[in-house]
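The file target-v2.cif comes next; it holds mmCIF, C-alpha atoms.
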data_start
loop_
_atom_site.label_atom_id
_atom_site.label_comp_id
_atom_site.auth_asym_id
_atom_site.auth_seq_id
_atom_site.Cartn_x
_atom_site.Cartn_y
_atom_site.Cartn_z
CA MET A 1 14.85 -14.94 10.81
CA ILE A 2 15.39 -12.07 8.38
CA TYR A 3 14.64 -12.17 4.64
CA THR A 4 16.52 -9.93 2.25
CA ILE A 5 14.28 -9.35 -0.77
CA ARG A 6 15.50 -8.09 -4.13
CA PRO A 7 13.12 -7.25 -6.98
CA PRO A 8 12.79 -8.63 -10.49
CA LYS A 9 13.40 -6.33 -13.46
CA THR A 10 9.75 -6.48 -14.50
CA ILE A 11 6.52 -7.73 -12.91
CA THR A 12 4.84 -10.25 -15.18
CA ALA A 13 2.87 -12.77 -13.16
CA SER A 14 0.01 -15.24 -13.10
CA ILE A 15 -0.87 -15.88 -9.46
CA GLN A 16 -3.13 -18.44 -7.84
CA LEU A 17 -4.35 -16.43 -4.87
CA PRO A 18 -5.23 -18.03 -1.53
CA ALA A 19 -8.87 -18.46 -0.55
CA SER A 20 -10.48 -15.71 1.50
CA LYS A 21 -9.71 -16.03 5.21
CA SER A 22 -12.71 -13.90 6.15
CA ILE A 23 -15.16 -16.02 4.17
CA SER A 24 -13.51 -19.30 5.24
CA ASN A 25 -13.82 -18.55 8.94
CA ARG A 26 -17.44 -17.44 8.68
CA ALA A 27 -18.34 -20.42 6.51
CA LEU A 28 -16.84 -22.83 9.06
CA ILE A 29 -18.95 -21.35 11.87
CA LEU A 30 -22.12 -21.40 9.75
CA ASN A 31 -21.38 -24.94 8.55
CA ALA A 32 -21.09 -26.07 12.18
CA LEU A 33 -24.23 -24.20 13.26
CA SER A 34 -26.19 -25.88 10.45
CA ASN A 35 -24.92 -29.35 11.53
CA SER A 36 -23.79 -29.80 7.94
CA THR A 37 -22.11 -32.93 6.61
CA PHE A 38 -20.89 -30.99 3.55
CA PRO A 39 -17.22 -29.96 3.68
CA VAL A 40 -16.50 -26.29 2.96
CA GLU A 41 -14.62 -26.30 -0.38
CA ASN A 42 -11.49 -24.27 -1.17
CA LEU A 43 -10.86 -23.34 2.45
CA SER A 44 -8.02 -20.98 3.21
CA VAL A 45 -4.88 -22.82 4.36
CA CYS A 46 -3.79 -19.94 6.60
CA ASP A 47 -3.15 -20.09 10.35
CA ASP A 48 -6.50 -18.53 11.28
CA THR A 49 -8.49 -21.13 9.38
CA ARG A 50 -6.34 -24.02 10.64
CA VAL A 51 -7.12 -22.87 14.19
CA MET A 52 -10.85 -22.92 13.41
CA LEU A 53 -10.68 -26.37 11.85
CA LYS A 54 -8.72 -27.79 14.75
CA ALA A 55 -11.25 -26.37 17.22
CA PHE A 56 -14.11 -28.13 15.45
CA GLU A 57 -12.24 -31.41 15.02
CA SER A 58 -10.79 -31.63 18.53
CA GLU A 59 -12.57 -32.66 21.72
CA GLU A 60 -9.96 -31.00 23.93
CA ALA A 61 -11.30 -28.65 26.59
CA THR A 62 -8.66 -25.97 25.89
CA VAL A 63 -8.54 -24.23 22.51
CA ASN A 64 -5.47 -22.15 21.67
CA THR A 65 -6.14 -19.65 18.87
CA GLY A 66 -2.54 -18.42 18.76
CA ALA A 67 -2.49 -14.98 17.12
CA ALA A 68 -5.79 -15.51 15.28
CA GLY A 69 -8.12 -12.71 16.36
CA THR A 70 -10.99 -13.76 14.11
CA ALA A 71 -10.88 -17.28 15.51
CA MET A 72 -10.78 -15.98 19.09
CA ARG A 73 -13.88 -13.84 18.60
CA PHE A 74 -15.93 -16.23 16.49
CA LEU A 75 -15.16 -19.26 18.67
CA THR A 76 -15.95 -17.35 21.87
CA ALA A 77 -19.49 -16.79 20.60
CA TYR A 78 -19.78 -20.28 19.14
CA PHE A 79 -18.68 -22.10 22.31
CA SER A 80 -20.94 -19.90 24.43
CA GLN A 81 -23.98 -21.57 22.86
CA CYS A 82 -22.52 -25.11 22.70
CA ARG A 83 -23.08 -27.29 25.76
CA GLY A 84 -19.83 -28.13 27.53
CA ASN A 85 -16.95 -26.34 29.20
CA ARG A 86 -14.13 -24.75 27.23
CA ILE A 87 -11.08 -22.61 27.88
CA ILE A 88 -10.08 -20.42 24.96
CA THR A 89 -6.64 -18.83 24.99
CA GLY A 90 -4.00 -17.50 22.59
CA SER A 91 -0.56 -15.98 22.13
CA GLU A 92 0.84 -13.35 24.49
CA ARG A 93 -0.26 -10.65 22.04
CA MET A 94 -3.75 -12.20 21.97
CA LYS A 95 -3.88 -12.04 25.77
CA ASN A 96 -3.46 -8.28 25.41
CA ARG A 97 -6.14 -7.82 22.76
CA PRO A 98 -9.42 -6.72 24.38
CA ILE A 99 -12.49 -8.94 24.21
CA ARG A 100 -14.63 -7.35 26.91
CA ILE A 101 -17.16 -5.83 24.50
CA LEU A 102 -17.96 -9.23 22.99
CA ALA A 103 -17.83 -11.14 26.30
CA GLU A 104 -20.13 -8.67 28.05
CA ALA A 105 -22.58 -8.69 25.13
CA LEU A 106 -22.69 -12.48 25.25
CA ARG A 107 -23.22 -12.38 29.02
CA GLN A 108 -26.27 -10.18 28.42
CA THR A 109 -27.70 -12.91 26.19
CA GLY A 110 -27.19 -15.53 28.93
CA ALA A 111 -23.60 -16.72 28.33
CA GLU A 112 -21.41 -17.82 31.22
CA ILE A 113 -17.93 -16.44 30.57
CA ARG A 114 -15.12 -15.87 33.07
CA TYR A 115 -11.80 -14.09 32.59
CA LEU A 116 -8.95 -16.30 33.79
CA GLU A 117 -6.19 -13.67 33.92
CA LYS A 118 -6.72 -9.97 33.14
CA GLU A 119 -10.25 -8.59 33.33
CA GLY A 120 -11.55 -7.97 29.81
CA PHE A 121 -8.90 -10.06 28.04
CA PRO A 122 -8.30 -13.72 27.08
CA PRO A 123 -7.95 -16.43 28.22
CA LEU A 124 -11.64 -17.13 28.85
CA GLN A 125 -13.45 -19.95 30.56
CA ILE A 126 -16.78 -20.66 28.88
CA ALA A 127 -19.61 -22.84 30.19
CA GLY A 128 -21.71 -23.38 27.07
CA ARG A 129 -25.50 -23.28 27.33
CA LYS A 130 -28.66 -22.35 25.45
CA LEU A 131 -28.67 -18.55 25.22
CA HIS A 132 -31.86 -16.60 25.84
CA GLY A 133 -30.93 -13.67 23.56
CA GLY A 134 -33.00 -10.50 23.63
CA GLU A 135 -31.84 -6.94 22.99
CA ILE A 136 -28.35 -5.53 23.52
CA VAL A 137 -26.46 -2.32 22.81
CA LEU A 138 -23.06 -2.62 21.11
CA ASP A 139 -20.33 -0.12 20.30
CA GLY A 140 -20.11 -0.29 16.51
CA SER A 141 -16.90 1.73 16.30
CA VAL A 142 -14.50 -0.89 17.66
CA SER A 143 -14.51 -4.13 15.64
CA SER A 144 -17.06 -5.59 13.25
CA GLN A 145 -15.87 -9.07 14.28
CA TYR A 146 -17.64 -8.69 17.63
CA LEU A 147 -20.89 -8.02 15.81
CA SER A 148 -20.36 -10.80 13.25
CA ALA A 149 -19.68 -13.28 16.06
CA LEU A 150 -22.94 -12.32 17.79
CA MET A 151 -24.98 -12.32 14.58
CA MET A 152 -23.93 -15.80 13.54
CA VAL A 153 -25.05 -17.42 16.82
CA ALA A 154 -28.17 -15.23 17.19
CA PRO A 155 -30.59 -17.55 15.31
CA ALA A 156 -29.96 -20.27 17.93
CA MET A 157 -30.99 -17.97 20.82
CA GLU A 158 -34.43 -18.53 22.38
CA LYS A 159 -35.61 -14.98 21.66
CA GLY A 160 -33.29 -14.27 18.78
CA LEU A 161 -31.26 -11.07 19.00
CA THR A 162 -31.73 -7.36 18.43
CA VAL A 163 -28.53 -5.30 18.36
CA ARG A 164 -28.60 -1.53 18.68
CA LEU A 165 -25.33 -0.14 17.39
CA GLN A 166 -23.85 3.02 18.88
CA GLY A 167 -21.14 5.24 17.47
CA ASN A 168 -19.62 5.23 14.00
CA ILE A 169 -20.06 1.73 12.54
CA VAL A 170 -16.74 0.42 11.19
CA SER A 171 -16.10 -2.20 8.51
CA ARG A 172 -19.66 -2.27 7.16
CA PRO A 173 -18.67 -4.57 4.25
CA TYR A 174 -17.62 -7.27 6.75
CA ILE A 175 -21.01 -6.99 8.46
CA ASN A 176 -22.69 -7.27 5.06
CA MET A 177 -20.51 -10.29 4.27
CA THR A 178 -21.71 -12.01 7.43
CA LEU A 179 -25.36 -11.21 6.66
CA ARG A 180 -25.07 -12.45 3.06
CA LEU A 181 -23.39 -15.69 4.15
CA MET A 182 -26.05 -16.24 6.83
CA GLU A 183 -28.68 -15.83 4.13
CA LEU A 184 -26.93 -18.39 1.93
CA PHE A 185 -27.21 -20.81 4.87
CA GLY A 186 -30.94 -20.11 5.20
CA VAL A 187 -31.17 -17.36 7.84
CA LYS A 188 -32.85 -13.99 7.32
CA ALA A 189 -31.67 -10.92 9.23
CA PHE A 190 -32.82 -7.31 9.03
CA TRP A 191 -30.49 -4.30 9.23
CA GLU A 192 -32.02 -0.84 9.25
CA GLU A 193 -29.89 2.18 10.18
CA ASN A 194 -28.27 1.23 13.53
CA ILE A 195 -30.49 -1.76 14.39
CA ILE A 196 -29.99 -5.41 13.41
CA ARG A 197 -32.76 -7.93 14.14
CA ILE A 198 -32.37 -11.68 13.88
CA ALA A 199 -35.32 -13.91 14.81
CA PRO A 200 -34.94 -17.47 16.16
CA GLN A 201 -34.57 -19.79 13.16
CA ALA A 202 -32.57 -22.73 11.87
CA TYR A 203 -29.62 -22.74 9.50
CA VAL A 204 -29.83 -24.99 6.44
CA ALA A 205 -26.86 -27.18 5.47
CA ARG A 206 -25.58 -26.60 1.94
CA PRO A 207 -22.46 -27.07 -0.18
CA PHE A 208 -20.23 -24.00 -0.21
CA LYS A 209 -17.03 -22.95 -2.01
CA VAL A 210 -14.83 -20.09 -0.83
CA GLU A 211 -13.71 -17.42 -3.32
CA SER A 212 -10.17 -16.04 -3.59
CA ASP A 213 -8.90 -13.35 -1.22
CA TRP A 214 -9.12 -9.70 -2.30
CA SER A 215 -6.99 -8.67 0.69
CA ALA A 216 -4.17 -10.86 -0.65
CA ALA A 217 -4.67 -9.28 -4.08
CA SER A 218 -3.91 -5.85 -2.60
CA TYR A 219 -0.18 -6.63 -2.35
CA TRP A 220 -0.07 -7.39 -6.08
CA TYR A 221 -1.81 -4.08 -6.75
CA GLU A 222 0.94 -2.45 -4.69
CA MET A 223 3.63 -4.23 -6.69
CA ALA A 224 2.01 -3.15 -9.96
CA ALA A 225 1.95 0.46 -8.70
CA LEU A 226 5.63 0.40 -7.66
CA ALA A 227 7.09 -1.67 -10.49
CA GLN A 228 9.37 -0.30 -13.19
CA GLY A 229 8.17 -0.52 -16.79
CA ASN A 230 4.77 -1.96 -17.65
CA PRO A 231 3.56 -4.56 -15.13
CA ASP A 232 1.16 -7.29 -16.23
CA VAL A 233 -0.35 -9.32 -13.39
CA GLU A 234 -3.16 -11.87 -13.63
CA LEU A 235 -4.84 -12.93 -10.38
CA SER A 236 -7.12 -15.94 -10.10
CA GLY A 237 -10.61 -16.39 -8.73
CA LEU A 238 -11.54 -12.81 -7.83
CA GLU A 239 -15.22 -12.06 -8.24
CA LYS A 240 -16.41 -8.63 -9.38
CA ASN A 241 -19.53 -8.83 -7.23
CA SER A 242 -17.58 -10.20 -4.30
CA LEU A 243 -18.75 -10.80 -0.74
CA GLN A 244 -15.51 -9.11 0.34
CA GLY A 245 -15.33 -5.42 1.11
CA ASP A 246 -11.64 -5.37 0.18
CA SER A 247 -12.65 -5.83 -3.48
CA LYS A 248 -12.77 -2.02 -3.27
CA VAL A 249 -8.99 -2.19 -3.78
CA ALA A 250 -9.60 -2.21 -7.55
CA GLU A 251 -11.23 1.22 -7.31
CA ILE A 252 -8.81 2.57 -4.69
CA PHE A 253 -5.75 1.89 -6.88
CA GLU A 254 -7.15 3.63 -9.96
CA PRO A 255 -5.85 7.09 -8.88
CA LEU A 256 -2.49 5.39 -8.32
CA GLY A 257 -2.39 4.33 -11.97
CA ILE A 258 -3.53 0.70 -11.86
CA LYS A 259 -6.18 -0.54 -14.28
CA THR A 260 -8.28 -3.61 -13.40
CA ASP A 261 -9.82 -5.82 -16.10
CA PHE A 262 -12.22 -8.61 -15.14
CA LEU A 263 -11.57 -11.42 -17.61
CA PRO A 264 -14.10 -13.99 -18.92
CA SER A 265 -11.99 -16.70 -17.26
CA GLY A 266 -12.92 -15.34 -13.83
CA ASN A 267 -9.46 -13.86 -13.33
CA VAL A 268 -8.41 -10.24 -12.89
CA ARG A 269 -5.68 -8.53 -14.92
CA LEU A 270 -3.69 -5.58 -13.58
CA THR A 271 -1.94 -3.18 -15.91
CA ARG A 272 -0.91 0.46 -15.70
CA PHE A 273 -2.88 3.40 -17.08
CA PRO A 274 -0.98 5.83 -19.31
CA THR A 275 1.04 8.23 -17.14
CA ASP A 276 -1.06 11.26 -17.96
CA THR A 277 -4.21 9.65 -16.52
CA ILE A 278 -2.77 9.17 -13.01
CA ARG A 279 -4.52 11.42 -10.50
CA SER A 280 -1.96 11.28 -7.73
CA LYS A 281 -1.07 14.74 -6.42
CA ARG A 282 -2.61 13.96 -3.02
CA PHE A 283 -4.44 10.85 -1.85
CA GLN A 284 -7.30 11.06 0.64
CA TYR A 285 -9.41 8.11 1.72
CA ASN A 286 -11.65 6.99 4.56
CA PHE A 287 -10.72 3.39 5.38
CA VAL A 288 -13.56 2.83 7.85
CA ASN A 289 -14.90 0.03 5.61
CA GLU A 290 -11.56 -1.42 4.45
CA PRO A 291 -9.09 -1.03 7.37
CA ASP A 292 -6.98 -4.01 6.27
CA LEU A 293 -5.92 -2.10 3.15
CA ALA A 294 -4.44 0.85 5.05
CA GLN A 295 -0.92 -0.55 5.42
CA THR A 296 -0.71 -1.40 1.73
CA LEU A 297 -1.78 2.08 0.70
CA ALA A 298 0.44 3.88 3.23
CA VAL A 299 3.57 2.16 1.94
CA THR A 300 2.51 2.60 -1.70
CA CYS A 301 1.84 6.32 -1.35
CA CYS A 302 5.10 7.01 0.47
CA LEU A 303 7.19 5.14 -2.06
CA ARG A 304 5.37 6.86 -4.94
CA GLU A 305 5.95 10.22 -3.19
CA ILE A 306 2.20 10.88 -2.96
CA PRO A 307 1.17 12.83 0.16
CA PHE A 308 -1.89 11.33 1.83
CA ARG A 309 -4.45 11.68 4.58
CA PHE A 310 -6.19 8.50 5.74
CA THR A 311 -9.14 8.50 8.14
CA GLY A 312 -11.41 5.80 9.59
CA LEU A 313 -8.49 3.86 11.09
CA GLN A 314 -9.79 3.53 14.66
CA SER A 315 -9.84 -0.29 14.54
CA LEU A 316 -6.13 -0.53 13.60
CA LYS A 317 -5.06 -0.14 17.23
CA ILE A 318 -6.58 -3.49 18.25
CA LYS A 319 -5.36 -5.57 15.33
CA GLU A 320 -2.37 -7.95 15.50
CA THR A 321 -0.43 -4.87 16.59
CA ASP A 322 -1.17 -1.15 16.83
CA ARG A 323 -0.86 -0.79 13.10
CA ILE A 324 -0.72 3.01 13.05
CA SER A 325 2.21 3.08 15.48
CA ALA A 326 3.93 0.22 13.63
CA LEU A 327 3.59 1.99 10.28
CA GLN A 328 5.00 5.19 11.73
CA THR A 329 8.02 3.37 13.16
CA GLU A 330 8.84 1.35 10.05
CA LEU A 331 8.17 4.05 7.44
CA LYS A 332 10.46 6.39 9.38
CA LYS A 333 13.25 3.82 8.85
CA LEU A 334 12.74 4.38 5.11
CA GLY A 335 12.75 8.17 5.46
CA TYR A 336 9.03 8.93 5.69
CA PRO A 337 7.86 10.63 8.92
CA VAL A 338 4.17 9.72 8.97
CA LYS A 339 1.97 11.48 11.54
CA SER A 340 -1.19 10.56 13.42
CA PRO A 341 -2.70 13.93 14.40
CA ALA A 342 -5.94 12.45 15.74
CA ASP A 343 -7.46 9.11 16.67
CA GLY A 344 -8.00 7.03 13.54
CA VAL A 345 -6.09 9.46 11.32
CA MET A 346 -2.76 8.98 9.56
CA GLU A 347 -1.12 11.42 7.18
CA TRP A 348 2.09 12.21 5.32
CA ASP A 349 2.70 15.67 3.87
CA GLY A 350 5.65 14.76 1.64
CA GLU A 351 8.28 15.53 4.27
CA HIS A 352 11.39 13.36 4.48
CA CYS A 353 13.79 12.41 7.26
CA GLU A 354 17.18 10.69 7.15
CA PRO A 355 16.55 7.00 6.30
CA GLU A 356 18.45 4.20 7.98
CA THR A 357 21.39 2.90 5.96
CA ASP A 358 20.28 -0.72 5.88
CA PRO A 359 16.85 -0.89 7.52
CA VAL A 360 15.24 -4.07 8.78
CA ILE A 361 11.45 -3.91 8.82
CA SER A 362 9.92 -5.35 11.98
CA THR A 363 6.63 -7.20 11.53
CA TYR A 364 5.19 -7.19 15.09
CA GLU A 365 3.62 -10.65 14.62
CA ASP A 366 1.50 -8.98 11.92
CA HIS A 367 1.23 -10.67 8.52
CA ARG A 368 0.10 -7.45 6.82
CA MET A 369 3.21 -5.56 7.92
CA ALA A 370 5.41 -8.13 6.17
CA MET A 371 3.40 -8.19 2.95
CA ALA A 372 2.85 -4.42 2.75
CA PHE A 373 6.59 -3.67 3.10
CA ALA A 374 7.98 -6.45 0.89
CA PRO A 375 7.20 -4.55 -2.35
CA ALA A 376 9.33 -1.65 -1.07
CA CYS A 377 12.30 -3.43 -2.64
CA LEU A 378 10.94 -2.36 -6.05
CA THR A 379 12.02 1.23 -5.33
CA ALA A 380 14.75 0.67 -2.73
CA GLY A 381 16.61 -2.09 -4.61
CA LYS A 382 16.24 -4.40 -1.63
CA ILE A 383 14.36 -4.62 1.65
CA ARG A 384 14.95 -6.71 4.74
CA ILE A 385 11.97 -8.17 6.61
CA ARG A 386 12.19 -9.57 10.14
CA GLU A 387 10.13 -12.67 11.03
CA PRO A 388 8.81 -13.12 7.48
CA GLU A 389 7.03 -16.34 8.48
CA VAL A 390 4.14 -14.26 9.89
CA VAL A 391 2.56 -14.30 6.42
CA SER A 392 1.27 -17.80 7.25
CA LYS A 393 -1.59 -16.10 9.10
CA SER A 394 -3.38 -15.28 5.85
CA TYR A 395 -1.15 -15.94 2.79
CA PRO A 396 1.24 -18.86 3.46
CA GLY A 397 2.42 -19.00 -0.16
CA PHE A 398 3.31 -15.30 -0.40
CA TRP A 399 7.10 -15.70 -0.45
CA GLY A 400 6.87 -18.65 -2.82
CA ASP A 401 4.75 -16.61 -5.22
CA LEU A 402 7.30 -13.78 -5.10
CA GLY A 403 10.05 -16.26 -5.91
CA GLU A 404 8.11 -17.58 -8.92
CA VAL A 405 7.81 -14.04 -10.28
CA GLY A 406 11.57 -13.42 -10.03
CA TYR A 407 12.10 -11.84 -6.64
CA VAL A 408 15.30 -13.03 -4.98
CA LEU A 409 14.88 -14.00 -1.34
CA GLY A 410 17.71 -14.87 0.96
#
Taking this structure as input, can you express it in the form of structure tokens?
Amino acid sequence: MIYTIRPPKTITASIQLPASKSISNRALILNALSNSTFPVENLSVCDDTRVMLKAFESEEATVNTGAAGTAMRFLTAYFSQCRGNRIITGSERMKNRPIRILAEALRQTGAEIRYLEKEGFPPLQIAGRKLHGGEIVLDGSVSSQYLSALMMVAPAMEKGLTVRLQGNIVSRPYINMTLRLMELFGVKAFWEENIIRIAPQAYVARPFKVESDWSAASYWYEMAALAQGNPDVELSGLEKNSLQGDSKVAEIFEPLGIKTDFLPSGNVRLTRFPTDTIRSKRFQYNFVNEPDLAQTLAVTCCLREIPFRFTGLQSLKIKETDRISALQTELKKLGYPVKSPADGVMEWDGEHCEPETDPVISTYEDHRMAMAFAPACLTAGKIRIREPEVVSKSYPGFWGDLGEVGYVLG
């Protein structure tokens, strides 16, 4: 399927954002570990969260996470400490996403995990048991989801868990999110420099409501930055002191001309600063803590003709696709030759190449590719997106929301 997307004349919108996928998936694990009878309120309705819910509700021995990387990692740790045998598998792309670091760390704590196909990759066969825990060393530069998965099951281990992190620690806000949610469910953890200590203890069941998704908000920030005239966008349920690291998007978009007002209603309003306040000659940013925002900002900067240099992107290679390579391929179709001169680095110096006459943006089974490129129609007049249904992974109502605002999809 291919969508052709044409923009409205102006962007005036009031959007009910989806619930946070990151918080939803953590809350479901913590709710299960606390043996809670309280339902988690305002759960995300995205694919990742549906996979998690199905895994908890089903008694089937095989769990298929599809393309949901968070679910694969969190459920691998969860099932490792639940008595019973499970096979956890996923899509073909998932079977090529590495999980060795997490599986080997769990094995060191006493887990029984076997690779069923390629060594170091799903599918996995897990024989759940009580884990003894102890002390492990973990590469902190790969994916914070490995660490979050381990931390959440650590209190149930006989000796608890001490994790010594090596390398440059990526996505610190996601680690902090996990720690803060664990504390809300009654568990204390200690993080000092590169060491995290979690003693054996019990989670406490409690009611919990998920806040709206700042990652989803980022695409509306992009639209406000690319729109003609004076955009006025109100987004629901975004908390200023959010658990989500991607709330940093409000600060990141200031140099690109977007003003964020936190309203008494609990909503956020996006408008544009006066032109002379935009500091946009060159954009430099280290995305080590907010890697999921990189695609949004790369497309925004190119279309605003703002040269950029992004660092801290090491984790993008093991996402739904190699996001750096995908961005290079698709932005080149629009006439922007983006370079990656070193691992975790992406830059554009303002150079142009011949754009394709009628480009179709490939999405690589990656929801963020679809949503980051859709706003390109605001400057190009139209954009075509292949496999637009991938947005269901995190923001199922994305295309419907665009239609309500006046975008024409066909």
If you apply the PyMOL selection byres ((chain A and resi 184) around 12) to this file, what residues do you get, as a short mmCIF file (atom, residue, chain, number, x, y, z; two decimals) with C-alpha atoms, in the frame of the given file?
data_model
loop_
_atom_site.label_atom_id
_atom_site.label_comp_id
_atom_site.auth_asym_id
_atom_site.auth_seq_id
_atom_site.Cartn_x
_atom_site.Cartn_y
_atom_site.Cartn_z
CA ARG A 26 -17.44 -17.44 8.68
CA ALA A 27 -18.34 -20.42 6.51
CA LEU A 30 -22.12 -21.40 9.75
CA ASN A 31 -21.38 -24.94 8.55
CA SER A 34 -26.19 -25.88 10.45
CA MET A 177 -20.51 -10.29 4.27
CA THR A 178 -21.71 -12.01 7.43
CA LEU A 179 -25.36 -11.21 6.66
CA ARG A 180 -25.07 -12.45 3.06
CA LEU A 181 -23.39 -15.69 4.15
CA MET A 182 -26.05 -16.24 6.83
CA GLU A 183 -28.68 -15.83 4.13
CA PHE A 185 -27.21 -20.81 4.87
CA GLY A 186 -30.94 -20.11 5.20
CA VAL A 187 -31.17 -17.36 7.84
CA LYS A 188 -32.85 -13.99 7.32
CA ALA A 189 -31.67 -10.92 9.23
CA TYR A 203 -29.62 -22.74 9.50
CA VAL A 204 -29.83 -24.99 6.44
CA ALA A 205 -26.86 -27.18 5.47
CA ARG A 206 -25.58 -26.60 1.94
CA PRO A 207 -22.46 -27.07 -0.18
CA PHE A 208 -20.23 -24.00 -0.21
CA LYS A 209 -17.03 -22.95 -2.01
CA LEU A 243 -18.75 -10.80 -0.74
#
field: For CA of Ile101 in chain A and CA of Tyr395 in chain A, the interatomic separation in Å (one decimal)
entry: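 If I compute the distance from CA of Ile101 in chain A to CA of Tyr395 in chain A, I get 28.8 Å.
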task: Given the file shown, enumerate the residues that the PyMOL selection byres ((chain A and resi 19-24) around 6) captures and present them as a list in words.
output: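 Against this file, the PyMOL selection byres ((chain A and resi 19-24) around 6) returns the residues Pro18, Asn25, Arg26, Ala27, Leu43, Ser44, Glu211, Ser212 and Asp213 of chain A.
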query: Selected by the PyMOL selection byres ((chain A and resi 14) around 7) in the shown coordinates: which residues, as a list of chain:residue names?
result: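 Given this file, the PyMOL selection byres ((chain A and resi 14) around 7) evaluates to A:Ala13, A:Ile15, A:Gln16, A:Val233, A:Glu234, A:Leu235.
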What would the file look like if the residues just selected were written as a PDB file, in the coordinates of the input with C-alpha atoms?
ATOM      1  CA  ALA A  13       2.870 -12.770 -13.160  1.00  0.00           C
ATOM      2  CA  ILE A  15      -0.870 -15.880  -9.460  1.00  0.00           C
ATOM      3  CA  GLN A  16      -3.130 -18.440  -7.840  1.00  0.00           C
ATOM      4  CA  VAL A 233      -0.350  -9.320 -13.390  1.00  0.00           C
ATOM      5  CA  GLU A 234      -3.160 -11.870 -13.630  1.00  0.00           C
ATOM      6  CA  LEU A 235      -4.840 -12.930 -10.380  1.00  0.00           C
TER       7      LEU A 235
END
One-decimal distance in Å that lies between CA of Val170 in chain A and CA of Val142 in chain A: 7.0 Å
task: Fewer than 4 positions away in the same chain doesn't count, so skip those; otherwise give me all residues within 10 Å of Leu293 in chain A, counting all atoms listed in the file, as a count of residues only.
output: 15
Per residue of range 195-312 of chain A within 8 Å of range 329-347 of chain A, note the shortest atom pair and the distance in Å to one decimal, counting only C-alpha atoms, and order the rows by chain and increasing residue number, as JSON lines.
{"residue": "A:Val299", "atom": "CA", "partner": "A:Leu331", "partner_atom": "CA", "distance": 7.4}
{"residue": "A:Cys302", "atom": "CA", "partner": "A:Tyr336", "partner_atom": "CA", "distance": 6.8}
{"residue": "A:Pro307", "atom": "CA", "partner": "A:Glu347", "partner_atom": "CA", "distance": 7.5}
{"residue": "A:Phe308", "atom": "CA", "partner": "A:Glu347", "partner_atom": "CA", "distance": 5.4}
{"residue": "A:Arg309", "atom": "CA", "partner": "A:Glu347", "partner_atom": "CA", "distance": 4.2}
{"residue": "A:Phe310", "atom": "CA", "partner": "A:Met346", "partner_atom": "CA", "distance": 5.2}
{"residue": "A:Thr311", "atom": "CA", "partner": "A:Val345", "partner_atom": "CA", "distance": 4.5}
{"residue": "A:Gly312", "atom": "CA", "partner": "A:Gly344", "partner_atom": "CA", "distance": 5.4}
Can you pull out the residues contacting Leu53 in chain A? Cut-off 12 Å, using only C-alpha atoms, and skip same-chain residues under 3 positions away; I want them as a PDB file with C-alpha atoms, keeping the file's coordinate frame.
ATOM      1  CA  SER A  24     -13.510 -19.300   5.240  1.00  0.00           C
ATOM      2  CA  ASN A  25     -13.820 -18.550   8.940  1.00  0.00           C
ATOM      3  CA  ARG A  26     -17.440 -17.440   8.680  1.00  0.00           C
ATOM      4  CA  ALA A  27     -18.340 -20.420   6.510  1.00  0.00           C
ATOM      5  CA  LEU A  28     -16.840 -22.830   9.060  1.00  0.00           C
ATOM      6  CA  ILE A  29     -18.950 -21.350  11.870  1.00  0.00           C
ATOM      7  CA  ASN A  31     -21.380 -24.940   8.550  1.00  0.00           C
ATOM      8  CA  ALA A  32     -21.090 -26.070  12.180  1.00  0.00           C
ATOM      9  CA  PRO A  39     -17.220 -29.960   3.680  1.00  0.00           C
ATOM     10  CA  VAL A  40     -16.500 -26.290   2.960  1.00  0.00           C
ATOM     11  CA  LEU A  43     -10.860 -23.340   2.450  1.00  0.00           C
ATOM     12  CA  SER A  44      -8.020 -20.980   3.210  1.00  0.00           C
ATOM     13  CA  VAL A  45      -4.880 -22.820   4.360  1.00  0.00           C
ATOM     14  CA  CYS A  46      -3.790 -19.940   6.600  1.00  0.00           C
ATOM     15  CA  ASP A  47      -3.150 -20.090  10.350  1.00  0.00           C
ATOM     16  CA  ASP A  48      -6.500 -18.530  11.280  1.00  0.00           C
ATOM     17  CA  THR A  49      -8.490 -21.130   9.380  1.00  0.00           C
ATOM     18  CA  ARG A  50      -6.340 -24.020  10.640  1.00  0.00           C
ATOM     19  CA  PHE A  56     -14.110 -28.130  15.450  1.00  0.00           C
ATOM     20  CA  GLU A  57     -12.240 -31.410  15.020  1.00  0.00           C
ATOM     21  CA  SER A  58     -10.790 -31.630  18.530  1.00  0.00           C
ATOM     22  CA  GLU A  59     -12.570 -32.660  21.720  1.00  0.00           C
ATOM     23  CA  VAL A  63      -8.540 -24.230  22.510  1.00  0.00           C
ATOM     24  CA  ASN A  64      -5.470 -22.150  21.670  1.00  0.00           C
ATOM     25  CA  THR A  65      -6.140 -19.650  18.870  1.00  0.00           C
ATOM     26  CA  ALA A  71     -10.880 -17.280  15.510  1.00  0.00           C
ATOM     27  CA  LEU A  75     -15.160 -19.260  18.670  1.00  0.00           C
TER      28      LEU A  75
END
field: Spatial neighbours of Pro375 in chain A, max dist 9 Å, only C-alpha atoms, sep filter under 3 positions, as number ranges by chain
entry: A: 5, 7, 219-220, 222-223, 226-227, 299-300, 371-372, 378-379, 383
query: Do you know which residues lie at most 6 Å from (2.5, -6.0, -13.1), with coordinates as in the file and only C-alpha atoms counted, and could you write them as a ChimeraX atom specification?
result: /A:11-12,224,231-233,271
message: Please list as a PyMOL selection string every residue within 12 Å of Glu119 in chain A, counting only C-alpha atoms and excluding residues in the same chain fewer than 6 positions away.
response: chain A and resi 95-101+103-104+113
